[in-house]
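Below is start_39.pdb, holding PDB, C-alpha atoms.
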```pdb
ATOM      1  CA  MET A   1     -65.113-174.522  33.434
ATOM      2  CA  PHE A   2     -65.977-178.139  32.710
ATOM      3  CA  LYS A   3     -64.089-179.673  29.824
ATOM      4  CA  ASN A   4     -64.936-183.339  29.978
ATOM      5  CA  ILE A   5     -68.234-184.570  31.361
ATOM      6  CA  LEU A   6     -68.648-188.172  32.429
ATOM      7  CA  VAL A   7     -72.132-189.558  31.927
ATOM      8  CA  PRO A   8     -72.677-193.002  33.401
ATOM      9  CA  THR A   9     -75.813-194.642  32.064
ATOM     10  CA  ASP A  10     -77.768-197.752  32.944
ATOM     11  CA  GLY A  11     -80.323-197.297  30.192
ATOM     12  CA  SER A  12     -83.090-196.253  32.582
ATOM     13  CA  ALA A  13     -85.428-193.371  31.831
ATOM     14  CA  MET A  14     -83.846-191.285  34.588
ATOM     15  CA  SER A  15     -80.365-191.731  33.193
ATOM     16  CA  ARG A  16     -81.594-190.768  29.731
ATOM     17  CA  ARG A  17     -82.830-187.510  31.183
ATOM     18  CA  ALA A  18     -79.452-186.950  32.820
ATOM     19  CA  LEU A  19     -77.814-187.632  29.475
ATOM     20  CA  GLY A  20     -79.947-184.976  27.815
ATOM     21  CA  ARG A  21     -78.915-182.423  30.422
ATOM     22  CA  ALA A  22     -75.261-183.387  30.174
ATOM     23  CA  VAL A  23     -75.261-182.973  26.404
ATOM     24  CA  ARG A  24     -76.912-179.562  26.632
ATOM     25  CA  LEU A  25     -74.427-178.479  29.271
ATOM     26  CA  ALA A  26     -71.497-179.833  27.258
ATOM     27  CA  LYS A  27     -72.635-177.895  24.223
ATOM     28  CA  GLU A  28     -72.750-174.641  26.168
ATOM     29  CA  GLN A  29     -69.468-175.297  27.887
ATOM     30  CA  LYS A  30     -67.803-176.550  24.699
ATOM     31  CA  ALA A  31     -66.974-179.695  26.582
ATOM     32  CA  ARG A  32     -66.590-183.319  25.603
ATOM     33  CA  ILE A  33     -68.870-186.120  26.718
ATOM     34  CA  THR A  34     -67.562-189.423  27.992
ATOM     35  CA  GLY A  35     -70.318-192.007  28.074
ATOM     36  CA  LEU A  36     -69.873-194.957  30.403
ATOM     37  CA  TRP A  37     -71.794-198.151  30.747
ATOM     38  CA  VAL A  38     -70.916-200.681  33.420
ATOM     39  CA  GLY A  39     -72.129-204.218  32.958
ATOM     40  CA  PRO A  40     -72.184-207.129  35.373
ATOM     41  CA  VAL A  41     -69.459-209.752  35.397
ATOM     42  CA  TRP A  42     -70.129-213.336  34.317
ATOM     43  CA  GLN A  43     -70.609-215.525  37.328
ATOM     44  CA  PRO A  44     -70.092-219.260  37.358
ATOM     45  CA  THR A  45     -72.905-221.285  38.880
ATOM     46  CA  LEU A  46     -72.515-224.399  40.953
ATOM     47  CA  TYR A  47     -74.146-227.567  39.723
ATOM     48  CA  ALA A  48     -75.399-230.465  41.714
ATOM     49  CA  TYR A  49     -75.033-232.766  38.722
ATOM     50  CA  ASP A  50     -72.288-232.282  36.235
ATOM     51  CA  GLU A  51     -73.683-234.606  33.585
ATOM     52  CA  SER A  52     -76.201-232.172  32.226
ATOM     53  CA  VAL A  53     -76.075-228.472  31.637
ATOM     54  CA  PRO A  54     -78.854-226.752  33.562
ATOM     55  CA  ALA A  55     -81.520-224.835  31.735
ATOM     56  CA  GLY A  56     -80.740-221.190  31.313
ATOM     57  CA  PHE A  57     -77.013-221.768  31.448
ATOM     58  CA  ILE A  58     -75.004-219.046  29.756
ATOM     59  CA  SER A  59     -71.416-219.650  28.777
ATOM     60  CA  PRO A  60     -68.867-216.889  29.317
ATOM     61  CA  ARG A  61     -68.734-216.386  25.592
ATOM     62  CA  GLN A  62     -72.481-216.037  25.198
ATOM     63  CA  PHE A  63     -72.490-213.701  28.168
ATOM     64  CA  ALA A  64     -69.757-211.527  26.672
ATOM     65  CA  ALA A  65     -71.646-211.329  23.397
ATOM     66  CA  SER A  66     -74.837-210.212  25.080
ATOM     67  CA  ILE A  67     -72.950-207.697  27.215
ATOM     68  CA  ARG A  68     -71.404-206.272  24.063
ATOM     69  CA  LYS A  69     -74.789-205.990  22.453
ATOM     70  CA  ILE A  70     -76.373-204.243  25.430
ATOM     71  CA  ALA A  71     -73.391-201.914  25.820
ATOM     72  CA  ALA A  72     -73.573-200.960  22.158
ATOM     73  CA  ARG A  73     -77.273-200.190  22.496
ATOM     74  CA  GLN A  74     -76.989-198.160  25.712
ATOM     75  CA  LEU A  75     -73.932-196.234  24.583
ATOM     76  CA  GLY A  76     -75.386-195.765  21.118
ATOM     77  CA  ALA A  77     -78.012-193.541  22.738
ATOM     78  CA  ALA A  78     -75.275-191.402  24.299
ATOM     79  CA  ARG A  79     -73.353-191.211  21.053
ATOM     80  CA  LYS A  80     -76.440-190.296  19.091
ATOM     81  CA  ALA A  81     -77.480-187.569  21.535
ATOM     82  CA  ALA A  82     -73.987-186.059  21.462
ATOM     83  CA  ALA A  83     -73.781-186.222  17.688
ATOM     84  CA  ALA A  84     -77.154-184.502  17.351
ATOM     85  CA  ALA A  85     -75.851-181.602  19.451
ATOM     86  CA  GLY A  86     -72.443-181.586  17.764
ATOM     87  CA  VAL A  87     -70.625-182.445  20.971
ATOM     88  CA  PRO A  88     -67.492-184.592  20.765
ATOM     89  CA  CYS A  89     -68.173-187.871  22.465
ATOM     90  CA  ARG A  90     -66.394-191.041  23.362
ATOM     91  CA  VAL A  91     -67.959-194.065  24.923
ATOM     92  CA  VAL A  92     -66.509-196.640  27.270
ATOM     93  CA  SER A  93     -67.997-199.885  28.465
ATOM     94  CA  VAL A  94     -66.550-201.918  31.289
ATOM     95  CA  GLN A  95     -67.666-204.813  33.421
ATOM     96  CA  ASN A  96     -67.776-204.719  37.159
ATOM     97  CA  ASN A  97     -70.329-205.802  39.706
ATOM     98  CA  PHE A  98     -69.792-202.534  41.544
ATOM     99  CA  PRO A  99     -70.573-199.805  39.003
ATOM    100  CA  HIS A 100     -69.707-196.956  41.346
ATOM    101  CA  MET A 101     -66.067-198.077  41.469
ATOM    102  CA  GLU A 102     -65.851-198.020  37.702
ATOM    103  CA  ILE A 103     -67.533-194.629  37.529
ATOM    104  CA  VAL A 104     -65.053-193.063  39.940
ATOM    105  CA  LYS A 105     -62.164-194.812  38.212
ATOM    106  CA  ALA A 106     -63.310-193.717  34.765
ATOM    107  CA  ALA A 107     -63.592-190.119  35.944
ATOM    108  CA  ARG A 108     -59.970-190.283  36.999
ATOM    109  CA  ARG A 109     -58.677-192.192  33.997
ATOM    110  CA  HIS A 110     -60.387-190.033  31.395
ATOM    111  CA  ARG A 111     -59.698-186.842  33.337
ATOM    112  CA  CYS A 112     -63.337-185.900  33.615
ATOM    113  CA  ASP A 113     -64.056-182.800  35.672
ATOM    114  CA  LEU A 114     -67.761-183.354  36.214
ATOM    115  CA  ILE A 115     -69.958-186.401  36.626
ATOM    116  CA  VAL A 116     -73.581-185.966  35.566
ATOM    117  CA  MET A 117     -75.861-188.698  36.764
ATOM    118  CA  ALA A 118     -79.464-189.338  37.697
ATOM    119  CA  SER A 119     -80.539-189.361  41.320
ATOM    120  CA  HIS A 120     -81.478-192.980  40.834
ATOM    121  CA  GLY A 121     -81.531-195.408  37.963
ATOM    122  CA  ARG A 122     -83.044-198.801  38.227
ATOM    123  CA  ARG A 123     -82.648-199.448  41.916
ATOM    124  CA  GLY A 124     -83.746-196.272  43.708
ATOM    125  CA  ILE A 125     -87.159-197.071  45.106
ATOM    126  CA  SER A 126     -88.489-193.643  45.857
ATOM    127  CA  ARG A 127     -87.926-189.975  45.368
ATOM    128  CA  LEU A 128     -86.567-189.704  48.860
ATOM    129  CA  LEU A 129     -83.823-192.265  48.516
ATOM    130  CA  LEU A 130     -80.819-191.689  46.344
ATOM    131  CA  GLY A 131     -79.887-194.571  44.112
ATOM    132  CA  SER A 132     -77.250-196.859  45.540
ATOM    133  CA  GLN A 133     -74.702-196.115  42.860
ATOM    134  CA  THR A 134     -75.321-192.384  42.978
ATOM    135  CA  SER A 135     -74.739-192.195  46.707
ATOM    136  CA  MET A 136     -71.601-194.302  46.413
ATOM    137  CA  VAL A 137     -70.276-192.092  43.622
ATOM    138  CA  LEU A 138     -71.026-189.033  45.743
ATOM    139  CA  ALA A 139     -69.010-190.592  48.530
ATOM    140  CA  TYR A 140     -65.963-191.542  46.485
ATOM    141  CA  ALA A 141     -65.785-189.015  43.656
ATOM    142  CA  THR A 142     -63.011-186.442  43.686
ATOM    143  CA  VAL A 143     -64.717-184.203  41.110
ATOM    144  CA  PRO A 144     -68.027-182.364  41.344
ATOM    145  CA  VAL A 145     -71.119-184.503  40.777
ATOM    146  CA  MET A 146     -74.294-183.133  39.280
ATOM    147  CA  VAL A 147     -77.306-185.093  40.468
ATOM    148  CA  CYS A 148     -80.283-184.739  38.145
ATOM    149  CA  ARG A 149     -83.780-185.229  39.391
TER     150      ARG A 149
ATOM    151  CA  MET B 150     -78.815-173.656  30.335
ATOM    152  CA  PHE B 151     -78.881-172.483  33.948
ATOM    153  CA  ARG B 152     -80.176-169.003  34.717
ATOM    154  CA  ASN B 153     -80.179-168.762  38.485
ATOM    155  CA  ILE B 154     -77.818-170.737  40.703
ATOM    156  CA  LEU B 155     -78.548-171.131  44.397
ATOM    157  CA  VAL B 156     -75.434-171.246  46.569
ATOM    158  CA  PRO B 157     -76.155-172.131  50.196
ATOM    159  CA  THR B 158     -73.300-171.404  52.572
ATOM    160  CA  ASP B 159     -72.557-172.082  56.194
ATOM    161  CA  GLY B 160     -69.258-170.224  56.143
ATOM    162  CA  SER B 161     -67.131-173.372  56.312
ATOM    163  CA  PRO B 162     -63.980-173.702  54.163
ATOM    164  CA  LEU B 163     -65.677-176.317  51.975
ATOM    165  CA  SER B 164     -68.611-174.097  51.260
ATOM    166  CA  ARG B 165     -66.214-171.282  50.425
ATOM    167  CA  ARG B 166     -64.734-173.561  47.768
ATOM    168  CA  ALA B 167     -68.225-174.261  46.462
ATOM    169  CA  ILE B 168     -68.852-170.515  46.267
ATOM    170  CA  LYS B 169     -65.753-170.005  44.189
ATOM    171  CA  GLN B 170     -66.684-172.771  41.765
ATOM    172  CA  ALA B 171     -70.313-171.719  41.590
ATOM    173  CA  VAL B 172     -69.414-168.136  40.699
ATOM    174  CA  ARG B 173     -67.049-169.324  37.987
ATOM    175  CA  PHE B 174     -69.730-171.608  36.630
ATOM    176  CA  ALA B 175     -72.342-168.842  36.777
ATOM    177  CA  LYS B 176     -70.081-166.544  34.825
ATOM    178  CA  GLU B 177     -69.720-169.066  32.011
ATOM    179  CA  GLN B 178     -73.417-169.811  32.046
ATOM    180  CA  LYS B 179     -74.270-166.090  32.178
ATOM    181  CA  ALA B 180     -76.385-166.947  35.184
ATOM    182  CA  ARG B 181     -77.287-165.126  38.351
ATOM    183  CA  VAL B 182     -76.153-166.273  41.773
ATOM    184  CA  THR B 183     -78.478-166.423  44.741
ATOM    185  CA  GLY B 184     -76.642-166.763  48.040
ATOM    186  CA  LEU B 185     -78.343-168.238  51.067
ATOM    187  CA  TYR B 186     -77.377-168.525  54.704
ATOM    188  CA  VAL B 187     -79.588-170.346  57.182
ATOM    189  CA  ALA B 188     -79.191-169.622  60.880
ATOM    190  CA  PRO B 189     -80.606-171.604  63.783
ATOM    191  CA  PRO B 190     -83.581-169.976  65.516
ATOM    192  CA  TYR B 191     -83.417-168.372  68.918
ATOM    193  CA  LYS B 192     -83.710-170.811  71.783
ATOM    194  CA  GLN B 193     -84.554-169.832  75.285
ATOM    195  CA  GLY B 194     -82.443-171.861  77.648
ATOM    196  CA  VAL B 195     -83.340-172.677  81.193
ATOM    197  CA  ILE B 196     -81.989-169.842  83.237
ATOM    198  CA  GLU B 197     -79.909-170.769  86.199
ATOM    199  CA  ASP B 198     -77.938-168.359  88.279
ATOM    200  CA  ALA B 199     -74.814-168.837  86.216
ATOM    201  CA  ALA B 200     -76.601-168.674  82.867
ATOM    202  CA  ILE B 201     -77.745-165.146  83.588
ATOM    203  CA  LEU B 202     -74.252-163.993  82.781
ATOM    204  CA  ASN B 203     -74.390-164.993  79.152
ATOM    205  CA  PHE B 204     -78.073-164.485  78.635
ATOM    206  CA  VAL B 205     -78.919-163.435  75.087
ATOM    207  CA  SER B 206     -82.172-161.668  74.426
ATOM    208  CA  PRO B 207     -84.101-162.431  71.228
ATOM    209  CA  ARG B 208     -83.218-159.020  69.950
ATOM    210  CA  GLN B 209     -79.507-159.467  70.617
ATOM    211  CA  TYR B 210     -79.704-162.874  69.000
ATOM    212  CA  GLU B 211     -81.366-161.481  65.924
ATOM    213  CA  ALA B 212     -78.668-158.862  65.621
ATOM    214  CA  SER B 213     -75.949-161.487  65.890
ATOM    215  CA  VAL B 214     -77.671-163.674  63.275
ATOM    216  CA  ARG B 215     -77.818-160.719  60.970
ATOM    217  CA  ALA B 216     -74.142-159.992  61.506
ATOM    218  CA  THR B 217     -73.148-163.617  60.882
ATOM    219  CA  ALA B 218     -75.324-163.800  57.793
ATOM    220  CA  ARG B 219     -73.791-160.622  56.465
ATOM    221  CA  LYS B 220     -70.306-161.980  57.069
ATOM    222  CA  HIS B 221     -70.955-165.268  55.261
ATOM    223  CA  LEU B 222     -73.007-163.767  52.448
ATOM    224  CA  LYS B 223     -70.422-161.063  51.936
ATOM    225  CA  ALA B 224     -68.074-163.789  50.681
ATOM    226  CA  ILE B 225     -70.563-164.635  47.936
ATOM    227  CA  GLU B 226     -71.201-161.018  47.089
ATOM    228  CA  THR B 227     -67.541-160.133  46.761
ATOM    229  CA  ALA B 228     -66.800-163.238  44.682
ATOM    230  CA  ALA B 229     -69.719-162.476  42.384
ATOM    231  CA  ALA B 230     -68.797-158.808  42.106
ATOM    232  CA  ALA B 231     -65.222-159.720  41.221
ATOM    233  CA  ALA B 232     -66.462-161.983  38.443
ATOM    234  CA  GLY B 233     -69.144-159.552  37.301
ATOM    235  CA  VAL B 234     -71.961-161.955  38.071
ATOM    236  CA  PRO B 235     -75.309-160.535  39.214
ATOM    237  CA  CYS B 236     -75.885-161.628  42.756
ATOM    238  CA  GLN B 237     -78.628-161.588  45.302
ATOM    239  CA  THR B 238     -78.349-162.861  48.849
ATOM    240  CA  LEU B 239     -80.822-163.768  51.522
ATOM    241  CA  HIS B 240     -80.758-165.344  54.923
ATOM    242  CA  ALA B 241     -83.336-167.367  56.749
ATOM    243  CA  VAL B 242     -83.775-168.649  60.267
ATOM    244  CA  SER B 243     -84.668-172.301  60.630
ATOM    245  CA  ASP B 244     -83.768-175.444  62.513
ATOM    246  CA  PHE B 245     -83.779-177.321  59.232
ATOM    247  CA  PRO B 246     -81.432-175.657  56.730
ATOM    248  CA  TYR B 247     -82.189-178.224  53.994
ATOM    249  CA  ASP B 248     -85.840-177.232  54.110
ATOM    250  CA  GLU B 249     -84.966-173.574  53.687
ATOM    251  CA  ILE B 250     -82.578-174.387  50.858
ATOM    252  CA  VAL B 251     -85.182-176.298  48.884
ATOM    253  CA  ARG B 252     -87.776-173.649  49.646
ATOM    254  CA  ALA B 253     -85.497-170.789  48.622
ATOM    255  CA  ALA B 254     -84.711-172.598  45.381
ATOM    256  CA  ARG B 255     -88.411-172.764  44.620
ATOM    257  CA  ARG B 256     -89.214-169.245  45.738
ATOM    258  CA  LYS B 257     -86.340-167.615  43.879
ATOM    259  CA  LYS B 258     -86.930-169.821  40.826
ATOM    260  CA  CYS B 259     -83.414-171.217  40.867
ATOM    261  CA  ASP B 260     -82.643-173.980  38.382
ATOM    262  CA  LEU B 261     -79.491-175.354  39.984
ATOM    263  CA  ILE B 262     -78.197-175.755  43.515
ATOM    264  CA  TYR B 263     -74.438-175.671  43.896
ATOM    265  CA  MET B 264     -73.258-176.862  47.295
ATOM    266  CA  ALA B 265     -70.376-178.531  49.081
ATOM    267  CA  SER B 266     -70.439-182.235  49.895
ATOM    268  CA  HIS B 267     -70.345-181.361  53.548
ATOM    269  CA  GLY B 268     -69.984-178.214  55.565
ATOM    270  CA  ARG B 269     -69.539-178.249  59.273
ATOM    271  CA  ARG B 270     -71.175-181.525  60.193
ATOM    272  CA  GLY B 271     -69.930-184.112  57.710
ATOM    273  CA  ILE B 272     -67.348-186.105  59.606
ATOM    274  CA  SER B 273     -65.417-187.691  56.794
ATOM    275  CA  LYS B 274     -64.890-187.711  53.070
ATOM    276  CA  LEU B 275     -67.073-190.778  52.802
ATOM    277  CA  LEU B 276     -70.150-189.365  54.430
ATOM    278  CA  LEU B 277     -72.163-186.688  52.776
ATOM    279  CA  GLY B 278     -73.119-183.824  55.003
ATOM    280  CA  SER B 279     -76.538-184.139  56.560
ATOM    281  CA  GLN B 280     -77.927-181.071  54.837
ATOM    282  CA  THR B 281     -76.475-182.006  51.449
ATOM    283  CA  SER B 282     -78.021-185.458  51.465
ATOM    284  CA  LYS B 283     -81.385-184.078  52.513
ATOM    285  CA  VAL B 284     -81.263-181.424  49.818
ATOM    286  CA  LEU B 285     -80.453-184.170  47.316
ATOM    287  CA  ALA B 286     -83.473-186.087  48.507
ATOM    288  CA  LEU B 287     -85.952-183.226  48.410
ATOM    289  CA  SER B 288     -84.779-180.997  45.591
ATOM    290  CA  THR B 289     -86.712-180.949  42.352
ATOM    291  CA  ILE B 290     -83.886-179.297  40.432
ATOM    292  CA  PRO B 291     -80.373-180.580  39.673
ATOM    293  CA  VAL B 292     -77.786-180.312  42.429
ATOM    294  CA  ILE B 293     -74.046-180.081  41.860
ATOM    295  CA  VAL B 294     -72.174-181.497  44.814
ATOM    296  CA  CYS B 295     -68.690-180.097  44.872
ATOM    297  CA  ARG B 296     -65.894-182.077  46.520
TER     298      ARG B 296
END
```
In structure tokens, what does this structure look like?
Amino acid sequence: MFKNILVPTDGSAMSRRALGRAVRLAKEQKARITGLWVGPVWQPTLYAYDESVPAGFISPRQFAASIRKIAARQLGAARKAAAAAGVPCRVVSVQNNFPHMEIVKAARRHRCDLIVMASHGRRGISRLLLGSQTSMVLAYATVPVMVCR
Amino acid sequence: MFRNILVPTDGSPLSRRAIKQAVRFAKEQKARVTGLYVAPPYKQGVIEDAAILNFVSPRQYEASVRATARKHLKAIETAAAAAGVPCQTLHAVSDFPYDEIVRAARRKKCDLIYMASHGRRGISKLLLGSQTSKVLALSTIPVIVCR
């Protein structure tokens, strides 16, 4: 029934659990896995003095390099889990300050028919509150969403 | 991976779609389907002269709940029978359907809840139904929200 499962990850423990479930489900359903990681966008900072570069300044290039590194690490986990189960997998990393938009867009672009995600990742503060991105995805998604607890 | 799928229904068109998907999914997973309908409890209104006309006794109310439950659960049973999926249905009476849904999932040892994003009360695509969001908050098992 499900042929292509989108698994957005933020590297949190909860999203790793969701990944495990998604891979198991994909194996049973003979489906593919599409791993997605959404990173933040580089943001310029305003300086009071333009003679010196403030401490902790990161150039766009440095930022891009670190984003690449983090994406490779987070998506490596997805790729490894899929490979271990023998599930075909492709990984995508994009940058956007609003991850839920990218998740919904990726589901459409890669023709995913199910989104498997954790009830909250890094930002959900309690069991009773859904994570911000999860609730936004639930609002905007056009395909079924499996929320893992 | 999933052995017993709980499908709560309120008889709305969206929940009928969820039923269809859930049964298909259960067939592939070789799982059982547990249908659930939750009805509001009997409420005794203040009786005025005019209200006497449409007075409903607790017994009449119970009968009508049973009839409604049978009607809505029948949809699950027929869908499951058509797909050859083992099916069990139950109905409960509660003011808080989400509570009954979570409880039924625990009692019947379901490992997945398959429900619509909103049934009768969600007002738009952007808002999740009240019961769905509460089930998402309280459930200890995965929930598939079907759109």
Could you tell me which residues the ChimeraX specification (/B :<6) & /A grabs in this file, written as JSON, numbers by chain? {"A": [128, 139, 142, 143, 144, 145, 146, 147, 148, 149]}
Please produce a file of those selected residues containing C-alpha atoms, as a PDB file, keeping the file's coordinate frame.
```pdb
ATOM      1  CA  LEU A 128     -86.567-189.704  48.860  1.00  0.00           C
ATOM      2  CA  ALA A 139     -69.010-190.592  48.530  1.00  0.00           C
ATOM      3  CA  THR A 142     -63.011-186.442  43.686  1.00  0.00           C
ATOM      4  CA  VAL A 143     -64.717-184.203  41.110  1.00  0.00           C
ATOM      5  CA  PRO A 144     -68.027-182.364  41.344  1.00  0.00           C
ATOM      6  CA  VAL A 145     -71.119-184.503  40.777  1.00  0.00           C
ATOM      7  CA  MET A 146     -74.294-183.133  39.280  1.00  0.00           C
ATOM      8  CA  VAL A 147     -77.306-185.093  40.468  1.00  0.00           C
ATOM      9  CA  CYS A 148     -80.283-184.739  38.145  1.00  0.00           C
ATOM     10  CA  ARG A 149     -83.780-185.229  39.391  1.00  0.00           C
TER      11      ARG A 149
END
```
Find the residues around Glu226 in chain B up to 10 Å (all atoms listed in the file counted), leave out those fewer than 6 positions away in its own chain, and share them as a VMD selection string. chain B and resid 168 172 182 to 184 219 232 234 to 238
If I wrap all listed atoms of range 128-146 of chain A in a box with edges along x, y and z and add 5 Å on each side, what are its centre and edge lengths in Å to one decimal, as lines of an AutoDock Vina configuration file?
```
center_x = -74.8
center_y = -189.6
center_z = 44.1
size_x = 33.6
size_y = 24.5
size_z = 19.6
```
Starting from the point (-77.2, -186.6, 25.8), work out which residues of protein, DNA or RNA have an atom no more than 9 Å away when counting all atoms listed in the file; state them as a count of residues only. 21
Resolved residues for the PyMOL selection byres ((chain A and resi 37) around 6) as JSON, numbers by chain: {"A": [8, 9, 36, 38, 93]}
With distances taken over all atoms listed in the file, which of A:Thr45, A:Ser59, A:Cys89, A:Ile103 is nearest to Gly76 in chain A?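 The shortest atom-to-atom distance to Gly76 in chain A comes from A:Cys89.
CA of Ile154 in chain B is positioned 29.8 Å from CA of Met101 in chain A.
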d(CA of Thr158 in chain B, CA of Leu138 in chain A) in Å: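 Spanning CA of Thr158 in chain B to CA of Leu138 in chain A is a straight-line distance of 19.0 Å.
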